[in-house]
file input.cif (mmCIF, C-alpha atoms)
data_model
loop_
_atom_site.group_PDB
_atom_site.id
_atom_site.type_symbol
_atom_site.label_atom_id
_atom_site.label_comp_id
_atom_site.auth_asym_id
_atom_site.auth_seq_id
_atom_site.Cartn_x
_atom_site.Cartn_y
_atom_site.Cartn_z
ATOM 1 C CA MET H 1 -33.626 7.839 -42.812
ATOM 2 C CA SER H 2 -29.985 7.176 -41.972
ATOM 3 C CA SER H 3 -29.994 10.023 -39.437
ATOM 4 C CA SER H 4 -33.011 8.656 -37.587
ATOM 5 C CA LEU H 5 -31.490 5.173 -37.632
ATOM 6 C CA SER H 6 -28.296 6.622 -36.193
ATOM 7 C CA ARG H 7 -30.238 8.222 -33.329
ATOM 8 C CA ILE H 8 -31.867 4.910 -32.498
ATOM 9 C CA GLU H 9 -28.490 3.171 -32.459
ATOM 10 C CA ASP H 10 -27.105 5.832 -30.136
ATOM 11 C CA LEU H 11 -29.776 5.329 -27.498
ATOM 12 C CA PRO H 12 -28.393 4.029 -24.214
ATOM 13 C CA THR H 13 -29.137 0.418 -23.329
ATOM 14 C CA THR H 14 -31.213 -0.136 -20.199
ATOM 15 C CA VAL H 15 -31.186 -3.484 -18.412
ATOM 16 C CA VAL H 16 -33.183 -4.214 -15.266
ATOM 17 C CA ILE H 17 -32.165 -7.358 -13.423
ATOM 18 C CA PRO H 18 -33.181 -9.139 -10.231
ATOM 19 C CA SER H 19 -30.703 -8.290 -7.531
ATOM 20 C CA ASP H 20 -28.392 -11.300 -7.588
ATOM 21 C CA LEU H 21 -24.762 -11.764 -8.560
ATOM 22 C CA ALA H 22 -25.337 -14.188 -11.446
ATOM 23 C CA ALA H 23 -27.807 -11.850 -13.138
ATOM 24 C CA ALA H 24 -25.432 -8.939 -12.574
ATOM 25 C CA HIS H 25 -22.634 -10.922 -14.204
ATOM 26 C CA GLU H 26 -24.750 -11.677 -17.287
ATOM 27 C CA ALA H 27 -25.684 -8.010 -17.694
ATOM 28 C CA GLU H 28 -22.034 -7.071 -17.353
ATOM 29 C CA LYS H 29 -21.038 -9.514 -20.109
ATOM 30 C CA ALA H 30 -23.409 -7.836 -22.586
ATOM 31 C CA LEU H 31 -21.970 -4.433 -21.717
ATOM 32 C CA LEU H 32 -18.401 -5.691 -22.173
ATOM 33 C CA ALA H 33 -19.293 -7.138 -25.568
ATOM 34 C CA GLU H 34 -20.179 -3.600 -26.673
ATOM 35 C CA VAL H 35 -16.912 -2.310 -25.237
ATOM 36 C CA ALA H 36 -15.018 -4.997 -27.160
ATOM 37 C CA GLY H 37 -16.648 -3.782 -30.369
ATOM 38 C CA CYS H 38 -15.432 -0.215 -29.857
ATOM 39 C CA ASN H 39 -11.664 -0.793 -29.783
ATOM 40 C CA TYR H 40 -10.949 0.275 -26.230
ATOM 41 C CA SER H 41 -7.406 -0.344 -24.995
ATOM 42 C CA GLU H 42 -6.693 -3.309 -22.758
ATOM 43 C CA ALA H 43 -6.243 -0.960 -19.801
ATOM 44 C CA ALA H 44 -9.517 0.889 -20.467
ATOM 45 C CA THR H 45 -11.388 -2.408 -20.897
ATOM 46 C CA PHE H 46 -9.981 -3.653 -17.584
ATOM 47 C CA ALA H 47 -11.029 -0.380 -15.941
ATOM 48 C CA ILE H 48 -14.594 -0.568 -17.257
ATOM 49 C CA LYS H 49 -14.960 -4.215 -16.275
ATOM 50 C CA LEU H 50 -13.630 -3.476 -12.800
ATOM 51 C CA ALA H 51 -15.863 -0.443 -12.269
ATOM 52 C CA VAL H 52 -19.010 -2.246 -13.457
ATOM 53 C CA GLU H 53 -18.155 -5.272 -11.339
ATOM 54 C CA GLU H 54 -17.710 -3.080 -8.256
ATOM 55 C CA GLY H 55 -20.816 -1.029 -8.933
ATOM 56 C CA MET H 56 -23.041 -4.054 -9.527
ATOM 57 C CA ASN H 57 -21.557 -5.871 -6.557
ATOM 58 C CA ASN H 58 -22.279 -2.887 -4.305
ATOM 59 C CA ALA H 59 -25.818 -2.607 -5.670
ATOM 60 C CA VAL H 60 -26.614 -6.287 -5.038
ATOM 61 C CA LYS H 61 -24.808 -6.725 -1.712
ATOM 62 C CA HIS H 62 -25.201 -3.354 -0.016
ATOM 63 C CA GLY H 63 -28.048 -1.676 -1.911
ATOM 64 C CA SER H 64 -30.450 -4.610 -2.121
ATOM 65 C CA ARG H 65 -28.835 -6.717 0.609
ATOM 66 C CA PHE H 66 -29.209 -9.780 -1.650
ATOM 67 C CA ASP H 67 -33.008 -9.360 -1.760
ATOM 68 C CA SER H 68 -33.766 -10.762 -5.227
ATOM 69 C CA ARG H 69 -37.270 -9.242 -5.111
ATOM 70 C CA LYS H 70 -35.497 -5.939 -5.600
ATOM 71 C CA THR H 71 -34.012 -4.927 -8.918
ATOM 72 C CA VAL H 72 -30.871 -3.225 -10.153
ATOM 73 C CA GLU H 73 -30.943 -1.002 -13.219
ATOM 74 C CA LEU H 74 -27.890 -0.845 -15.482
ATOM 75 C CA VAL H 75 -27.871 1.843 -18.167
ATOM 76 C CA TYR H 76 -24.961 2.119 -20.571
ATOM 77 C CA ASP H 77 -23.999 4.102 -23.605
ATOM 78 C CA ILE H 78 -20.819 2.779 -25.193
ATOM 79 C CA SER H 79 -19.349 4.673 -28.115
ATOM 80 C CA LYS H 80 -15.899 4.805 -29.686
ATOM 81 C CA ASP H 81 -15.199 7.968 -27.656
ATOM 82 C CA ARG H 82 -16.441 7.099 -24.204
ATOM 83 C CA ALA H 83 -18.378 4.675 -22.055
ATOM 84 C CA VAL H 84 -21.082 6.114 -19.808
ATOM 85 C CA ILE H 85 -22.502 3.706 -17.233
ATOM 86 C CA THR H 86 -25.175 4.291 -14.603
ATOM 87 C CA ILE H 87 -26.126 1.751 -11.934
ATOM 88 C CA THR H 88 -29.160 2.280 -9.708
ATOM 89 C CA ASP H 89 -30.368 0.071 -6.880
ATOM 90 C CA GLN H 90 -33.527 0.149 -4.774
ATOM 91 C CA GLY H 91 -31.739 0.473 -1.459
ATOM 92 C CA GLY H 92 -31.703 3.415 0.903
ATOM 93 C CA GLY H 93 -28.383 4.656 -0.443
ATOM 94 C CA PHE H 94 -25.194 5.557 1.367
ATOM 95 C CA ASP H 95 -22.798 8.456 1.800
ATOM 96 C CA PRO H 96 -19.769 7.667 -0.385
ATOM 97 C CA SER H 97 -17.714 10.338 1.373
ATOM 98 C CA ALA H 98 -18.118 8.410 4.632
ATOM 99 C CA VAL H 99 -16.486 5.222 3.325
ATOM 100 C CA PRO H 100 -13.172 4.686 5.154
ATOM 101 C CA ASP H 101 -10.004 4.871 3.052
ATOM 102 C CA PRO H 102 -9.171 1.206 2.320
ATOM 103 C CA THR H 103 -5.533 2.098 1.601
ATOM 104 C CA ALA H 104 -4.965 3.450 5.115
ATOM 105 C CA ASP H 105 -2.651 1.228 7.142
ATOM 106 C CA GLU H 106 -5.373 0.385 9.665
ATOM 107 C CA ASN H 107 -7.740 -0.820 6.884
ATOM 108 C CA LEU H 108 -5.269 -2.643 4.686
ATOM 109 C CA GLU H 109 -6.120 -6.128 5.980
ATOM 110 C CA LYS H 110 -9.889 -5.661 5.825
ATOM 111 C CA PRO H 111 -11.350 -7.948 3.144
ATOM 112 C CA THR H 112 -14.011 -5.468 2.002
ATOM 113 C CA GLY H 113 -14.487 -1.746 1.394
ATOM 114 C CA ARG H 114 -12.427 -1.205 -1.784
ATOM 115 C CA GLY H 115 -15.172 -0.913 -4.396
ATOM 116 C CA VAL H 116 -15.786 2.839 -4.308
ATOM 117 C CA MET H 117 -12.071 3.623 -4.213
ATOM 118 C CA LEU H 118 -11.401 1.370 -7.217
ATOM 119 C CA MET H 119 -14.208 2.917 -9.276
ATOM 120 C CA ARG H 120 -12.716 6.345 -8.602
ATOM 121 C CA ALA H 121 -9.166 5.187 -9.339
ATOM 122 C CA TYR H 122 -9.975 3.538 -12.669
ATOM 123 C CA MET H 123 -12.729 5.690 -14.193
ATOM 124 C CA ASP H 124 -12.450 9.285 -15.441
ATOM 125 C CA GLU H 125 -15.649 10.440 -13.741
ATOM 126 C CA VAL H 126 -17.615 8.925 -10.860
ATOM 127 C CA ALA H 127 -20.636 10.689 -9.353
ATOM 128 C CA TYR H 128 -23.356 9.585 -6.941
ATOM 129 C CA ASN H 129 -26.843 10.980 -6.671
ATOM 130 C CA CYS H 130 -27.903 12.676 -3.437
ATOM 131 C CA ARG H 131 -29.560 9.565 -2.023
ATOM 132 C CA GLY H 132 -26.484 7.479 -2.744
ATOM 133 C CA ASN H 133 -28.299 4.654 -4.533
ATOM 134 C CA GLN H 134 -27.123 5.591 -8.032
ATOM 135 C CA VAL H 135 -23.627 5.893 -9.462
ATOM 136 C CA ARG H 136 -22.753 7.342 -12.870
ATOM 137 C CA MET H 137 -19.315 6.585 -14.310
ATOM 138 C CA VAL H 138 -17.506 7.696 -17.435
ATOM 139 C CA LYS H 139 -14.420 6.225 -19.110
ATOM 140 C CA ARG H 140 -12.959 8.033 -22.098
ATOM 141 C CA ASN H 141 -11.356 5.990 -24.858
ATOM 142 C CA THR H 142 -8.047 7.798 -25.075
ATOM 143 C CA MET G 1 -8.731 -28.724 -11.089
ATOM 144 C CA GLN G 2 -11.809 -26.678 -10.245
ATOM 145 C CA SER G 3 -13.717 -24.122 -12.249
ATOM 146 C CA SER G 4 -16.372 -21.520 -11.563
ATOM 147 C CA GLY G 5 -17.616 -19.014 -14.105
ATOM 148 C CA GLU G 6 -14.575 -17.513 -15.787
ATOM 149 C CA LEU G 7 -11.988 -18.973 -13.403
ATOM 150 C CA VAL G 8 -10.065 -22.254 -13.456
ATOM 151 C CA LEU G 9 -8.007 -23.229 -10.397
ATOM 152 C CA ASP G 10 -5.281 -25.826 -10.599
ATOM 153 C CA VAL G 11 -3.571 -26.863 -7.357
ATOM 154 C CA SER G 12 -0.284 -28.749 -7.389
ATOM 155 C CA ARG G 13 2.227 -29.750 -4.720
ATOM 156 C CA ARG G 14 5.850 -28.642 -4.843
ATOM 157 C CA GLY G 15 7.455 -30.420 -1.891
ATOM 158 C CA PRO G 16 5.836 -28.982 1.238
ATOM 159 C CA ALA G 17 4.300 -26.061 -0.690
ATOM 160 C CA SER G 18 1.094 -25.691 -2.679
ATOM 161 C CA VAL G 19 1.033 -23.806 -5.959
ATOM 162 C CA VAL G 20 -2.361 -22.545 -7.072
ATOM 163 C CA ARG G 21 -2.527 -21.594 -10.733
ATOM 164 C CA LEU G 22 -5.315 -19.138 -11.505
ATOM 165 C CA VAL G 23 -6.486 -19.011 -15.110
ATOM 166 C CA GLY G 24 -9.108 -16.517 -16.292
ATOM 167 C CA ALA G 25 -10.821 -13.947 -14.113
ATOM 168 C CA VAL G 26 -11.837 -13.546 -10.472
ATOM 169 C CA GLY G 27 -15.010 -11.512 -10.370
ATOM 170 C CA MET G 28 -17.878 -11.379 -7.899
ATOM 171 C CA VAL G 29 -19.104 -14.827 -9.016
ATOM 172 C CA GLU G 30 -15.741 -16.596 -8.860
ATOM 173 C CA ALA G 31 -14.382 -15.085 -5.635
ATOM 174 C CA SER G 32 -16.208 -17.494 -3.311
ATOM 175 C CA MET G 33 -14.664 -20.570 -4.964
ATOM 176 C CA LEU G 34 -11.205 -19.016 -4.671
ATOM 177 C CA SER G 35 -11.844 -18.186 -1.029
ATOM 178 C CA ARG G 36 -12.964 -21.739 -0.206
ATOM 179 C CA GLN G 37 -9.977 -23.289 -1.971
ATOM 180 C CA LEU G 38 -7.440 -21.019 -0.280
ATOM 181 C CA GLU G 39 -8.992 -21.508 3.156
ATOM 182 C CA GLU G 40 -8.445 -25.259 2.845
ATOM 183 C CA LEU G 41 -4.806 -24.807 1.883
ATOM 184 C CA VAL G 42 -3.735 -22.206 4.427
ATOM 185 C CA GLN G 43 -5.160 -23.809 7.556
ATOM 186 C CA GLN G 44 -2.248 -26.201 7.989
ATOM 187 C CA PRO G 45 0.779 -25.604 10.224
ATOM 188 C CA GLY G 46 3.593 -23.815 8.395
ATOM 189 C CA CYS G 47 1.793 -23.869 5.074
ATOM 190 C CA VAL G 48 3.422 -22.222 2.070
ATOM 191 C CA VAL G 49 0.943 -21.279 -0.658
ATOM 192 C CA VAL G 50 2.002 -19.596 -3.878
ATOM 193 C CA LEU G 51 -0.584 -18.145 -6.228
ATOM 194 C CA ASP G 52 0.609 -18.261 -9.835
ATOM 195 C CA LEU G 53 -1.107 -15.258 -11.450
ATOM 196 C CA GLU G 54 0.533 -15.453 -14.877
ATOM 197 C CA HIS G 55 -2.720 -16.351 -16.616
ATOM 198 C CA LEU G 56 -5.048 -14.273 -14.461
ATOM 199 C CA ASP G 57 -6.526 -11.543 -16.648
ATOM 200 C CA PHE G 58 -8.794 -9.831 -14.138
ATOM 201 C CA MET G 59 -9.520 -9.534 -10.447
ATOM 202 C CA CYS G 60 -12.077 -7.387 -8.618
ATOM 203 C CA SER G 61 -12.238 -6.368 -4.966
ATOM 204 C CA SER G 62 -14.074 -9.592 -4.064
ATOM 205 C CA GLY G 63 -11.063 -11.527 -5.340
ATOM 206 C CA LEU G 64 -8.757 -9.338 -3.286
ATOM 207 C CA GLY G 65 -11.040 -10.088 -0.329
ATOM 208 C CA ALA G 66 -10.486 -13.817 -0.908
ATOM 209 C CA LEU G 67 -6.713 -13.272 -0.746
ATOM 210 C CA LEU G 68 -7.052 -11.219 2.429
ATOM 211 C CA ASN G 69 -9.266 -13.831 4.096
ATOM 212 C CA ALA G 70 -6.671 -16.488 3.311
ATOM 213 C CA HIS G 71 -3.882 -14.229 4.576
ATOM 214 C CA ALA G 72 -5.710 -13.802 7.892
ATOM 215 C CA LYS G 73 -6.469 -17.517 8.219
ATOM 216 C CA ALA G 74 -2.854 -18.479 7.502
ATOM 217 C CA ARG G 75 -1.468 -16.309 10.292
ATOM 218 C CA PRO G 76 -2.358 -18.544 13.306
ATOM 219 C CA PHE G 77 -0.726 -21.461 11.462
ATOM 220 C CA GLN G 78 2.456 -19.446 10.780
ATOM 221 C CA GLY G 79 1.668 -19.932 7.120
ATOM 222 C CA ARG G 80 2.799 -17.865 4.153
ATOM 223 C CA LEU G 81 0.727 -16.823 1.141
ATOM 224 C CA SER G 82 2.617 -15.183 -1.694
ATOM 225 C CA LEU G 83 1.913 -14.067 -5.244
ATOM 226 C CA ALA G 84 3.865 -14.779 -8.410
ATOM 227 C CA ASN G 85 3.822 -13.572 -12.002
ATOM 228 C CA PRO G 86 1.029 -10.978 -11.904
ATOM 229 C CA SER G 87 0.150 -9.359 -15.221
ATOM 230 C CA PRO G 88 0.708 -5.595 -15.418
ATOM 231 C CA MET G 89 -3.058 -5.049 -14.932
ATOM 232 C CA VAL G 90 -3.247 -7.185 -11.806
ATOM 233 C CA MET G 91 -0.003 -5.665 -10.496
ATOM 234 C CA ARG G 92 -1.480 -2.192 -10.905
ATOM 235 C CA LEU G 93 -4.532 -3.341 -8.942
ATOM 236 C CA LEU G 94 -2.308 -4.595 -6.119
ATOM 237 C CA GLU G 95 -0.390 -1.312 -6.129
ATOM 238 C CA THR G 96 -3.533 0.854 -6.262
ATOM 239 C CA THR G 97 -4.943 -0.933 -3.231
ATOM 240 C CA ARG G 98 -1.510 -0.906 -1.514
ATOM 241 C CA LEU G 99 -1.758 -4.662 -1.037
ATOM 242 C CA THR G 100 1.848 -4.907 -2.222
ATOM 243 C CA ASN G 101 2.582 -3.774 1.357
ATOM 244 C CA LEU G 102 0.865 -6.900 2.673
ATOM 245 C CA PHE G 103 1.657 -9.609 0.120
ATOM 246 C CA GLU G 104 5.060 -10.554 -1.197
ATOM 247 C CA VAL G 105 4.988 -10.457 -4.992
ATOM 248 C CA PHE G 106 7.614 -12.467 -6.904
ATOM 249 C CA PRO G 107 8.520 -12.522 -10.603
ATOM 250 C CA SER G 108 8.228 -16.321 -10.793
ATOM 251 C CA VAL G 109 6.789 -19.296 -8.916
ATOM 252 C CA GLU G 110 10.307 -20.576 -8.283
ATOM 253 C CA LYS G 111 11.347 -17.315 -6.638
ATOM 254 C CA ALA G 112 8.169 -17.355 -4.562
ATOM 255 C CA LEU G 113 8.894 -20.910 -3.391
ATOM 256 C CA GLU G 114 12.398 -19.855 -2.402
ATOM 257 C CA GLY G 115 10.908 -16.832 -0.662
ATOM 258 C CA LYS G 116 13.380 -14.445 -2.283
#

call {"tool": "encode", "arguments": {"input": "input.cif", "output": "C-alpha cells"}}
result
Amino acid sequence: MSSSLSRIEDLPTTVVIPSDLAAAHEAEKALLAEVAGCNYSEAATFAIKLAVEEGMNNAVKHGSRFDSRKTVELVYDISKDRAVITITDQGGGFDPSAVPDPTADENLEKPTGRGVMLMRAYMDEVAYNCRGNQVRMVKRNT
Amino acid sequence: MQSSGELVLDVSRRGPASVVRLVGAVGMVEASMLSRQLEELVQQPGCVVVLDLEHLDFMCSSGLGALLNAHAKARPFQGRLSLANPSPMVMRLLETTRLTNLFEVFPSVEKALEGK
C-alpha cells in the first residue's frame, strides 16, 4: 500500500496553460512551492526560477507568439535530489544552436536574446527536442 | 510607489538625481512596469538614475531588457543609469550576462550618486 502510494506521489506534475504570461507565472509559482518544500539552496532555487521563467517566456513569446488559443505544457518532477522540468509549446520550434551569443560585445546592448544562454548557465542539463519546441532541464540539489 | 506582481518600485529624488528602489522580483510579468518607469526617468537632459537593488531578490532576462532599454533611451539625453547594492544572486546574473561591462555597479546608493 505504502509503495503504491509512493509511486503516485512520485509522478511528475503536468500543467497545460493558455499561452499568456500571467498563466505562465501562476504555473511557475506552483512549481516553486514544490521546490521550496524540498530544501534546495538559495542559489539552486534562484537557478530553477530563472530557468523556468526563461523557458515559459520563450514558449509564450516566441513559440506561441502570444496566441492565447495555443497552449504551453509544463511538466515537472521535483524531488529532494533533483528538479526535472520540461516545457513544450505549440510553435514551429527553433534551432537553439543558431541563437547569437548574447555575451558577445556586438550583442551586449541588445535587450533580448539571453534566455537560452541563462538556462544553460544556471541548470545542470538543458536539452531541446529535434523540432526545437520542447526544452528539458535538470537541476541537481547539491 | 508602484507595484506589479512581485515587484514594488519606489522613486525618490536626491537633488538632481532619481533613486529607484526595487523591492521583490522582476520577472516576465513585472518587467514592463519597470521599463515604463525607467523610460520616464531617463528621457530628461543629463538625467542621473540610480537603481537601488538591495532588496531585489530576483531578475530574469526581461528585467535585464528593461535596464538595457533605459540605458539606450538615456544616451541621447547624456543621461546615466547606474546600479547599487545588488545581492550576490543578482550580481552573478549581471556577471554571467557580462552586463557589468555596460552598467556601473556601486556598493551603495551614495557611491552611485557620487559616480565613484

call {"tool": "interface_residues", "arguments": {"input": "input.cif", "of": "chain G", "to": "chain H", "cutoff": "6 Å", "atoms": "only C-alpha atoms", "output": "list in words"}}
result
Cys60, Gly65, Leu68, Thr97 and Arg98 of chain G

call {"tool": "resolve_selection", "arguments": {"input": "input.cif", "expression": "the PyMOL selection byres ((chain G and resi 20) around 8)", "output": "ChimeraX atom specification"}}
result
/G:9-12,18-19,21-22,49-52

call {"tool": "residues_around", "arguments": {"input": "input.cif", "residues": "Ser68 (chain H)", "least_positions_apart": "4", "cutoff": "10 Å", "atoms": "all atoms listed in the file", "output": "NGL selection string"}}
result
:H and (17-21 or 23 or 60 or 64 or 72)

call {"tool": "resolve_selection", "arguments": {"input": "input.cif", "expression": "the PyMOL selection byres ((chain H and resi 83) around 9)", "output": "PyMOL selection string"}}
result
chain H and resi 35+48+76-82+84-85+137-141

call {"tool": "atom_distance", "arguments": {"input": "input.cif", "atom1": "CA of Gly63 (chain G)", "atom2": "CA of Glu30 (chain G)"}}
result
7.7 Å

call {"tool": "resolve_selection", "arguments": {"input": "input.cif", "expression": "the PyMOL selection byres ((chain G and resi 91) around 12)", "output": "VMD selection string"}}
result
chain G and resid 53 to 54 56 to 59 64 83 to 90 92 to 100 103 to 107

call {"tool": "closest_residue", "arguments": {"input": "input.cif", "among": "H:Ser41, H:Glu106, H:Pro12, H:Asn133", "to": "Ala59 (chain H)", "atoms": "all atoms listed in the file"}}
result
H:Asn133

call {"tool": "residues_near_point", "arguments": {"input": "input.cif", "point": "(-33.9, -1.5, -6.3)", "cutoff": "8 Å", "atoms": "only C-alpha atoms", "output": "list in words"}}
result
Ser19, Gly63, Ser64, Lys70, Thr71, Val72, Glu73, Thr88, Asp89, Gln90 and Gly91 of chain H

call {"tool": "atom_distance", "arguments": {"input": "input.cif", "atom1": "CA of Ala31 (chain G)", "atom2": "CA of Ser4 (chain G)"}}
result
9.0 Å

call {"tool": "closest_residue", "arguments": {"input": "input.cif", "among": "G:Asn101, G:Ser61, G:Ser82, G:Gln2", "to": "Cys47 (chain G)", "atoms": "all atoms listed in the file"}}
result
G:Ser82

call {"tool": "atom_distance", "arguments": {"input": "input.cif", "atom1": "CA of Ser32 (chain G)", "atom2": "CA of Ala66 (chain G)"}}
result
7.2 Å

call {"tool": "residues_around", "arguments": {"input": "input.cif", "residues": "Met33 (chain G)", "least_positions_apart": "4", "cutoff": "12 Å", "atoms": "all atoms listed in the file", "output": "PyMOL selection string"}}
result
chain G and resi 1-9+22+25-29+37-40+62-63+66-67

call {"tool": "write_last_selection", "arguments": {"input": "input.cif", "atoms": "C-alpha atoms", "output": "PDB file, in the coordinates of the input"}}
result
ATOM      1  CA  MET G   1      -8.731 -28.724 -11.089  1.00  0.00           C
ATOM      2  CA  GLN G   2     -11.809 -26.678 -10.245  1.00  0.00           C
ATOM      3  CA  SER G   3     -13.717 -24.122 -12.249  1.00  0.00           C
ATOM      4  CA  SER G   4     -16.372 -21.520 -11.563  1.00  0.00           C
ATOM      5  CA  GLY G   5     -17.616 -19.014 -14.105  1.00  0.00           C
ATOM      6  CA  GLU G   6     -14.575 -17.513 -15.787  1.00  0.00           C
ATOM      7  CA  LEU G   7     -11.988 -18.973 -13.403  1.00  0.00           C
ATOM      8  CA  VAL G   8     -10.065 -22.254 -13.456  1.00  0.00           C
ATOM      9  CA  LEU G   9      -8.007 -23.229 -10.397  1.00  0.00           C
ATOM     10  CA  LEU G  22      -5.315 -19.138 -11.505  1.00  0.00           C
ATOM     11  CA  ALA G  25     -10.821 -13.947 -14.113  1.00  0.00           C
ATOM     12  CA  VAL G  26     -11.837 -13.546 -10.472  1.00  0.00           C
ATOM     13  CA  GLY G  27     -15.010 -11.512 -10.370  1.00  0.00           C
ATOM     14  CA  MET G  28     -17.878 -11.379  -7.899  1.00  0.00           C
ATOM     15  CA  VAL G  29     -19.104 -14.827  -9.016  1.00  0.00           C
ATOM     16  CA  GLN G  37      -9.977 -23.289  -1.971  1.00  0.00           C
ATOM     17  CA  LEU G  38      -7.440 -21.019  -0.280  1.00  0.00           C
ATOM     18  CA  GLU G  39      -8.992 -21.508   3.156  1.00  0.00           C
ATOM     19  CA  GLU G  40      -8.445 -25.259   2.845  1.00  0.00           C
ATOM     20  CA  SER G  62     -14.074  -9.592  -4.064  1.00  0.00           C
ATOM     21  CA  GLY G  63     -11.063 -11.527  -5.340  1.00  0.00           C
ATOM     22  CA  ALA G  66     -10.486 -13.817  -0.908  1.00  0.00           C
ATOM     23  CA  LEU G  67      -6.713 -13.272  -0.746  1.00  0.00           C
TER      24      LEU G  67
END

call {"tool": "axis_aligned_box", "arguments": {"input": "input.cif", "around": "region 24-35 of chain H", "padding_each_side": "8 Å", "output": "lines of an AutoDock Vina configuration file"}}
result
center_x = -21.3
center_y = -7.0
center_z = -19.6
size_x = 24.8
size_y = 25.4
size_z = 30.1

call {"tool": "decode", "arguments": {"input": "input.cif", "residues": "region 13-27 of chain H", "atoms": "N, CA and C atoms", "output": "PDB file, in the first residue's frame"}}
result
ATOM      1  N   THR H  13       4.245  16.239 -12.277  1.00  0.00           N
ATOM      2  CA  THR H  13       3.047  17.088 -12.390  1.00  0.00           C
ATOM      3  C   THR H  13       2.993  17.664 -13.800  1.00  0.00           C
ATOM      4  N   THR H  14       1.833  17.590 -14.420  1.00  0.00           N
ATOM      5  CA  THR H  14       1.652  18.162 -15.754  1.00  0.00           C
ATOM      6  C   THR H  14       0.631  19.285 -15.687  1.00  0.00           C
ATOM      7  N   VAL H  15       1.013  20.443 -16.194  1.00  0.00           N
ATOM      8  CA  VAL H  15       0.113  21.600 -16.215  1.00  0.00           C
ATOM      9  C   VAL H  15       0.052  22.113 -17.650  1.00  0.00           C
ATOM     10  N   VAL H  16      -1.152  22.276 -18.165  1.00  0.00           N
ATOM     11  CA  VAL H  16      -1.315  22.849 -19.504  1.00  0.00           C
ATOM     12  C   VAL H  16      -2.023  24.190 -19.343  1.00  0.00           C
ATOM     13  N   ILE H  17      -1.392  25.227 -19.856  1.00  0.00           N
ATOM     14  CA  ILE H  17      -1.933  26.579 -19.661  1.00  0.00           C
ATOM     15  C   ILE H  17      -2.149  27.264 -21.011  1.00  0.00           C
ATOM     16  N   PRO H  18      -3.084  28.233 -21.044  1.00  0.00           N
ATOM     17  CA  PRO H  18      -3.159  29.068 -22.249  1.00  0.00           C
ATOM     18  C   PRO H  18      -1.863  29.869 -22.360  1.00  0.00           C
ATOM     19  N   SER H  19      -1.489  30.168 -23.572  1.00  0.00           N
ATOM     20  CA  SER H  19      -0.185  30.791 -23.776  1.00  0.00           C
ATOM     21  C   SER H  19      -0.241  32.291 -23.470  1.00  0.00           C
ATOM     22  N   ASP H  20      -0.206  32.630 -22.193  1.00  0.00           N
ATOM     23  CA  ASP H  20      -0.043  34.037 -21.815  1.00  0.00           C
ATOM     24  C   ASP H  20       0.821  34.131 -20.561  1.00  0.00           C
ATOM     25  N   LEU H  21       1.402  35.307 -20.359  1.00  0.00           N
ATOM     26  CA  LEU H  21       2.428  35.452 -19.319  1.00  0.00           C
ATOM     27  C   LEU H  21       1.855  35.284 -17.910  1.00  0.00           C
ATOM     28  N   ALA H  22       0.630  35.763 -17.685  1.00  0.00           N
ATOM     29  CA  ALA H  22       0.055  35.647 -16.341  1.00  0.00           C
ATOM     30  C   ALA H  22      -0.181  34.183 -15.982  1.00  0.00           C
ATOM     31  N   ALA H  23      -0.697  33.419 -16.922  1.00  0.00           N
ATOM     32  CA  ALA H  23      -0.922  31.989 -16.669  1.00  0.00           C
ATOM     33  C   ALA H  23       0.410  31.266 -16.456  1.00  0.00           C
ATOM     34  N   ALA H  24       1.403  31.657 -17.223  1.00  0.00           N
ATOM     35  CA  ALA H  24       2.738  31.052 -17.065  1.00  0.00           C
ATOM     36  C   ALA H  24       3.284  31.336 -15.675  1.00  0.00           C
ATOM     37  N   HIS H  25       3.062  32.551 -15.205  1.00  0.00           N
ATOM     38  CA  HIS H  25       3.558  32.952 -13.882  1.00  0.00           C
ATOM     39  C   HIS H  25       2.874  32.136 -12.780  1.00  0.00           C
ATOM     40  N   GLU H  26       1.582  31.916 -12.915  1.00  0.00           N
ATOM     41  CA  GLU H  26       0.855  31.124 -11.906  1.00  0.00           C
ATOM     42  C   GLU H  26       1.366  29.681 -11.866  1.00  0.00           C
ATOM     43  N   ALA H  27       1.584  29.106 -13.039  1.00  0.00           N
ATOM     44  CA  ALA H  27       2.104  27.733 -13.101  1.00  0.00           C
ATOM     45  C   ALA H  27       3.490  27.659 -12.469  1.00  0.00           C
TER      46      ALA H  27
END
